[in-house]
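Coordinates as given in final-v3.pdb (PDB, C-alpha atoms and all ligand atoms):
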MODEL        1
ATOM      1  CA  MET A   6       0.000   0.000   0.000
ATOM      2  CA  LYS A   7       1.232   3.499  -0.845
ATOM      3  CA  HIS A   8       0.040   6.940   0.230
ATOM      4  CA  LYS A   9       0.559  10.097  -1.845
ATOM      5  CA  LYS A  10      -0.899  13.570  -1.432
ATOM      6  CA  THR A  11      -1.578  16.104  -4.146
ATOM      7  CA  TYR A  12      -2.394  19.777  -3.759
ATOM      8  CA  SER A  13      -3.659  20.694  -7.228
ATOM      9  CA  GLU A  14      -5.306  19.279 -10.322
ATOM     10  CA  TYR A  15      -1.912  19.522 -12.024
ATOM     11  CA  GLU A  16      -0.234  17.361  -9.349
ATOM     12  CA  THR A  17      -2.949  14.734  -9.625
ATOM     13  CA  GLU A  18      -2.487  14.512 -13.396
ATOM     14  CA  ALA A  19       1.265  14.209 -12.802
ATOM     15  CA  LEU A  20       0.752  11.390 -10.283
ATOM     16  CA  GLY A  21      -1.370   9.531 -12.817
ATOM     17  CA  TYR A  22       1.374  10.075 -15.378
ATOM     18  CA  GLU A  23       4.045   8.642 -13.042
ATOM     19  CA  LEU A  24       1.945   5.579 -12.312
ATOM     20  CA  GLY A  25       1.162   5.198 -15.995
ATOM     21  CA  LEU A  26       4.852   5.139 -16.876
ATOM     22  CA  LEU A  27       5.352   2.285 -14.408
ATOM     23  CA  LEU A  28       2.448   0.297 -15.858
ATOM     24  CA  LYS A  29       2.480   1.089 -19.571
ATOM     25  CA  ASP A  30       4.263  -2.108 -20.596
ATOM     26  CA  GLU A  31       1.988  -4.446 -18.670
ATOM     27  CA  PRO A  32      -0.159  -6.332 -21.187
ATOM     28  CA  LYS A  33      -3.244  -6.094 -18.989
ATOM     29  CA  VAL A  34      -3.873  -4.030 -15.891
ATOM     30  CA  VAL A  35      -7.126  -2.970 -14.238
ATOM     31  CA  ILE A  36      -7.136   0.217 -12.152
ATOM     32  CA  LEU A  37     -10.118   0.879  -9.883
ATOM     33  CA  LEU A  38     -10.600   4.559  -9.004
ATOM     34  CA  ASP A  39     -12.654   4.920  -5.842
ATOM     35  CA  GLY A  40     -13.505   8.430  -4.698
ATOM     36  CA  GLU A  41     -16.392  10.856  -4.290
ATOM     37  CA  LEU A  42     -17.672  13.238  -6.989
ATOM     38  CA  GLY A  43     -14.974  15.686  -7.973
ATOM     39  CA  SER A  44     -12.205  13.885  -6.102
ATOM     40  CA  GLY A  45     -10.006  13.704  -9.204
ATOM     41  CA  LYS A  46     -10.637  10.325 -10.842
ATOM     42  CA  THR A  47     -10.848  11.701 -14.374
ATOM     43  CA  THR A  48      -7.923  14.063 -13.781
ATOM     44  CA  PHE A  49      -5.813  11.103 -12.660
ATOM     45  CA  THR A  50      -6.933   9.144 -15.738
ATOM     46  CA  LYS A  51      -5.727  11.963 -18.006
ATOM     47  CA  GLY A  52      -2.232  11.446 -16.575
ATOM     48  CA  LEU A  53      -2.397   7.685 -17.065
ATOM     49  CA  ALA A  54      -3.443   8.265 -20.688
ATOM     50  CA  ARG A  55      -0.602  10.695 -21.331
ATOM     51  CA  ALA A  56       1.899   8.118 -20.040
ATOM     52  CA  LEU A  57       0.598   5.528 -22.499
ATOM     53  CA  GLY A  58       1.061   8.005 -25.346
ATOM     54  CA  ILE A  59      -2.589   8.791 -25.934
ATOM     55  CA  THR A  60      -2.937  12.162 -27.644
ATOM     56  CA  GLN A  61      -6.739  12.435 -27.759
ATOM     57  CA  VAL A  62      -8.433  14.462 -25.028
ATOM     58  CA  VAL A  63      -9.649  12.161 -22.240
ATOM     59  CA  ASN A  64     -12.978  13.298 -20.820
ATOM     60  CA  SER A  65     -15.284  11.730 -18.307
ATOM     61  CA  PRO A  66     -17.293   9.051 -20.126
ATOM     62  CA  THR A  67     -20.287   9.593 -17.832
ATOM     63  CA  PHE A  68     -22.839   9.363 -20.626
ATOM     64  CA  THR A  69     -21.302   6.446 -22.498
ATOM     65  CA  ILE A  70     -20.035   4.053 -19.750
ATOM     66  CA  LEU A  71     -16.958   3.241 -21.854
ATOM     67  CA  LYS A  72     -14.480   5.079 -24.021
ATOM     68  CA  LYS A  73     -11.630   3.272 -25.751
ATOM     69  CA  TYR A  74      -8.446   5.067 -26.783
ATOM     70  CA  VAL A  75      -5.597   3.663 -28.883
ATOM     71  CA  THR A  76      -2.240   5.372 -29.296
ATOM     72  CA  LYS A  77      -1.319   6.477 -32.784
ATOM     73  CA  ASP A  78       2.280   5.307 -32.416
ATOM     74  CA  HIS A  79       3.618   1.855 -33.264
ATOM     75  CA  HIS A  80       2.929   0.547 -29.745
ATOM     76  CA  HIS A  81      -0.854   0.747 -30.285
ATOM     77  CA  ARG A  82      -1.376   0.936 -26.529
ATOM     78  CA  VAL A  83      -5.003   0.774 -25.458
ATOM     79  CA  LEU A  84      -6.855   2.521 -22.654
ATOM     80  CA  TYR A  85     -10.394   1.526 -21.710
ATOM     81  CA  HIS A  86     -11.948   4.247 -19.552
ATOM     82  CA  LEU A  87     -15.166   3.228 -17.829
ATOM     83  CA  ASP A  88     -17.453   5.276 -15.610
ATOM     84  CA  LEU A  89     -20.058   3.162 -13.830
ATOM     85  CA  TYR A  90     -21.706   6.044 -11.972
ATOM     86  CA  ARG A  91     -25.077   5.441 -13.631
ATOM     87  CA  LEU A  92     -25.017   1.664 -13.398
ATOM     88  CA  ASP A  93     -26.881   1.377 -10.083
ATOM     89  CA  GLY A  94     -29.113  -1.654  -9.976
ATOM     90  CA  LEU A  95     -27.654  -3.358 -13.015
ATOM     91  CA  ASN A  96     -25.203  -5.374 -10.955
ATOM     92  CA  ASP A  97     -26.299  -8.785 -12.096
ATOM     93  CA  ASP A  98     -26.316  -7.919 -15.790
ATOM     94  CA  PHE A  99     -23.010  -6.171 -16.068
ATOM     95  CA  ASP A 100     -20.143  -8.178 -17.480
ATOM     96  CA  LEU A 101     -16.829  -6.360 -17.741
ATOM     97  CA  GLU A 102     -15.519  -8.802 -20.320
ATOM     98  CA  GLU A 103     -18.267  -7.778 -22.732
ATOM     99  CA  TYR A 104     -16.852  -4.270 -22.805
ATOM    100  CA  ILE A 105     -13.158  -5.107 -22.891
ATOM    101  CA  ASP A 106     -12.320  -6.707 -26.214
ATOM    102  CA  GLY A 107      -8.563  -7.023 -25.825
ATOM    103  CA  LEU A 108      -5.464  -6.275 -23.791
ATOM    104  CA  GLY A 109      -4.611  -2.896 -22.379
ATOM    105  CA  MET A 110      -5.084  -0.646 -19.392
ATOM    106  CA  VAL A 111      -8.594  -0.650 -17.960
ATOM    107  CA  VAL A 112      -9.502   2.308 -15.731
ATOM    108  CA  ILE A 113     -12.821   2.216 -13.892
ATOM    109  CA  GLU A 114     -14.456   5.167 -12.118
ATOM    110  CA  TRP A 115     -17.089   4.182  -9.534
ATOM    111  CA  PRO A 116     -16.036   0.466  -9.612
ATOM    112  CA  PHE A 117     -18.125  -0.497  -6.584
ATOM    113  CA  LYS A 118     -21.401   0.315  -8.341
ATOM    114  CA  VAL A 119     -20.996  -3.223  -9.639
ATOM    115  CA  GLU A 120     -20.023  -5.502  -6.792
ATOM    116  CA  ALA A 121     -19.502  -8.542  -8.966
ATOM    117  CA  LEU A 122     -17.102  -6.702 -11.193
ATOM    118  CA  LEU A 123     -13.781  -7.029  -9.428
ATOM    119  CA  PRO A 124     -11.279  -9.019 -11.444
ATOM    120  CA  LYS A 125      -8.721 -11.200  -9.659
ATOM    121  CA  ASP A 126      -5.822  -8.781 -10.184
ATOM    122  CA  TYR A 127      -6.289  -5.036  -9.860
ATOM    123  CA  LEU A 128      -4.775  -1.852  -8.567
ATOM    124  CA  LEU A 129      -7.111  -0.015  -6.230
ATOM    125  CA  VAL A 130      -6.618   3.745  -6.053
ATOM    126  CA  LYS A 131      -8.671   5.307  -3.299
ATOM    127  CA  ILE A 132      -8.895   9.093  -3.489
ATOM    128  CA  GLU A 133      -9.805  11.033  -0.360
ATOM    129  CA  LYS A 134     -10.849  14.662  -0.718
ATOM    130  CA  LEU A 135      -9.255  16.399   2.275
ATOM    131  CA  SER A 136     -10.037  19.996   1.305
ATOM    132  CA  ASP A 137     -10.807  22.013  -1.841
ATOM    133  CA  ASN A 138      -7.406  21.324  -3.347
ATOM    134  CA  GLU A 139      -5.906  18.584  -1.203
ATOM    135  CA  ARG A 140      -6.290  14.892  -2.085
ATOM    136  CA  ASN A 141      -4.895  11.748  -0.457
ATOM    137  CA  PHE A 142      -4.241   8.788  -2.751
ATOM    138  CA  VAL A 143      -4.075   5.308  -1.264
ATOM    139  CA  MET A 144      -2.833   2.742  -3.770
ATOM    140  CA  THR A 145      -3.182  -0.960  -3.082
ATOM    141  CA  CYS A 146      -2.105  -3.688  -5.465
ATOM    142  CA  VAL A 147      -4.083  -6.908  -5.434
ATOM    143  CA  GLY A 148      -2.440  -9.550  -7.614
ATOM    144  CA  ILE A 149       0.660  -9.507  -9.751
ATOM    145  CA  PRO A 150       0.783  -6.842 -12.508
ATOM    146  CA  CYS A 151       0.936  -3.711 -10.327
ATOM    147  CA  LYS A 152       3.270  -4.862  -7.514
ATOM    148  CA  ARG A 153       6.360  -3.167  -8.905
ATOM    149  CA  ALA A 154       4.489   0.022  -9.813
ATOM    150  CA  VAL A 155       3.123   0.489  -6.302
ATOM    151  CA  GLN A 156       6.572  -0.170  -4.882
ATOM    152  CA  TYR A 157       8.265   2.500  -7.022
ATOM    153  CA  ILE A 158       5.632   5.239  -7.185
TER     154      ILE A 158
HETATM  155  N1  LIG A 201      -5.521  17.985  -5.812
HETATM  156  C1  LIG A 201      -6.479  17.910  -6.755
HETATM  157  N2  LIG A 201      -6.529  16.837  -7.569
HETATM  158  C2  LIG A 201      -7.505  16.705  -8.502
HETATM  159  N3  LIG A 201      -8.473  17.608  -8.713
HETATM  160  C3  LIG A 201      -8.468  18.712  -7.935
HETATM  161  C4  LIG A 201      -7.483  18.889  -6.930
HETATM  162  N4  LIG A 201      -7.745  20.049  -6.306
HETATM  163  C5  LIG A 201      -8.840  20.553  -6.909
HETATM  164  N5  LIG A 201      -9.285  19.758  -7.884
HETATM  165  C6  LIG A 201     -10.504  19.974  -8.697
HETATM  166  O1  LIG A 201     -11.372  18.875  -8.462
HETATM  167  C7  LIG A 201     -12.046  18.501  -9.666
HETATM  168  C8  LIG A 201     -11.735  17.047 -10.010
HETATM  169  O2  LIG A 201     -12.529  16.701 -11.103
HETATM  170  P1  LIG A 201     -12.522  15.263 -11.782
HETATM  171  O3  LIG A 201     -13.433  15.353 -12.957
HETATM  172  O4  LIG A 201     -11.128  14.800 -12.000
HETATM  173  O5  LIG A 201     -13.183  14.385 -10.627
HETATM  174  P2  LIG A 201     -13.899  12.963 -10.712
HETATM  175  O6  LIG A 201     -13.497  12.235  -9.476
HETATM  176  O7  LIG A 201     -13.624  12.325 -12.015
HETATM  177  O8  LIG A 201     -15.439  13.368 -10.614
HETATM  178  P3  LIG A 201     -16.750  12.525 -11.082
HETATM  179  O9  LIG A 201     -17.080  11.589  -9.948
HETATM  180  O10 LIG A 201     -17.784  13.595 -11.251
HETATM  181  O11 LIG A 201     -16.425  11.807 -12.358
HETATM  182  C9  LIG A 201     -11.574  19.478 -10.738
HETATM  183  O12 LIG A 201     -12.501  20.518 -10.826
HETATM  184  C10 LIG A 201     -10.242  19.971 -10.193
HETATM  185  O13 LIG A 201      -9.906  21.270 -10.646
HETATM  186 MG    MG A 202     -14.909  11.557 -13.541
ENDMDL
END
Turn the structure described in the file into structure tokens.
Amino acid sequence: MKHKKTYSEYETEALGYELGLLLKDEPKVVILLDGELGSGKTTFTKGLARALGITQVVNSPTFTILKKYVTKDHHHRVLYHLDLYRLDGLNDDFDLEEYIDGLGMVVIEWPFKVEALLPKDYLLVKIEKLSDNERNFVMTCVGIPCKRAVQYI
């Protein structure tokens, strides 16, 4: 488990970028972003995306559930960005595998809207809003792919 604090939107994006650099060569990694409205989940995701080499603007996919981004370079790295905020009550129907059609980094905002969703290996990033601009990040790796990243961040 690792704790990190940020004091601005910029620092949160930068923290996502650092973590993204440590994870970009993993074939498959699932990152669960758990935090209240406006805690910085999408901001953090923008940093992860930048580390992968994604040049498109990453916005909150609130009205689509899933957005998929692929880098334009020869790595063809993939980011799946999910926001399950509106999925209340659909727990039994939701199957993550139906949305994820390949390898890549999977980032999920509001992961606990779907209790049955948790894969076996994941990196849990809990974001606590301490004040207007202050956030505490608690990163816990469950399973193999993120162990090294959490150690070095
Ligand atoms: N340290 C910080 N880190 C991240 N965002 C911050 C910080 N301090 C202030 N903010 C502000 O908090 C907001 C975070 O918005 P963001 O869309 O990233 O949150 P979110 O967790 O994705 O929200 P939602 O649950 O609505 O999707 C922005 O308006 C940003 O400017
Ligand atoms: Mg968001």
- [ ] Fewer than 2 positions away in the same chain doesn't count, so skip those; otherwise give me all residues within 12 Å of Ile113 of chain A, counting only C-alpha atoms, as JSON, numbers by chain.
- [x] {"A": [34, 35, 36, 37, 38, 39, 40, 46, 47, 49, 50, 65, 66, 67, 70, 71, 72, 73, 84, 85, 86, 87, 88, 89, 90, 101, 104, 105, 110, 111, 115, 116, 117, 118, 119, 122, 123, 124, 127, 128, 129, 130, 131]}
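In terms of minimum interatomic distance to Gly109 of chain A, A:Thr76 ranks closest within A:Thr17, A:Asn64, A:Thr76, A:Gln156, counting all atoms listed in the file.
Of note, atom CA of Leu135 of chain A and atom CA of Tyr15 of chain A are spaced 16.4 Å apart.
Residues in contact with Arg55 of chain A at up to 12 Å, not including ones fewer than 2 positions away on its chain and judged by all atoms listed in the file, are Glu18, Ala19, Leu20, Gly21, Tyr22, Glu23, Leu24, Gly25, Leu26, Lys29, Thr48, Phe49, Thr50, Lys51, Gly52, Leu53, Leu57, Gly58, Ile59, Thr60, Gln61, Val62, Val63, Tyr74, Val75, Thr76, Arg82, Val83 and Leu84 of chain A.
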Task: Residues matched by the PyMOL selection byres (((chain A and resi 137) around 12) and not hetatm), written as a list of chain:residue names - done: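 Applied to this file, the PyMOL selection byres (((chain A and resi 137) around 12) and not hetatm) returns A:Thr11, A:Tyr12, A:Ser13, A:Glu14, A:Gly43, A:Ser44, A:Gly45, A:Glu133, A:Lys134, A:Leu135, A:Ser136, A:Asn138, A:Glu139, A:Arg140, A:Asn141.
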- [ ] Could you please determine the separation between atom CA of Pro32 of chain A and atom CA of Arg91 of chain A in Å, to one decimal place?
- [x]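 Pair atom CA of Pro32 of chain A / atom CA of Arg91 of chain A returns 28.6 Å.
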Task: Atom-to-atom span, atom CA of Glu41 of chain A and atom CA of Gly107 of chain A, Å - done: 29.1 Å
Open item on the list: Residues within 10 Å of Arg153 of chain A, please, as number ranges by chain. Count only C-alpha atoms; anything in the same chain fewer than 6 positions from it doesn't count.
Closed with: A: 27-28, 146
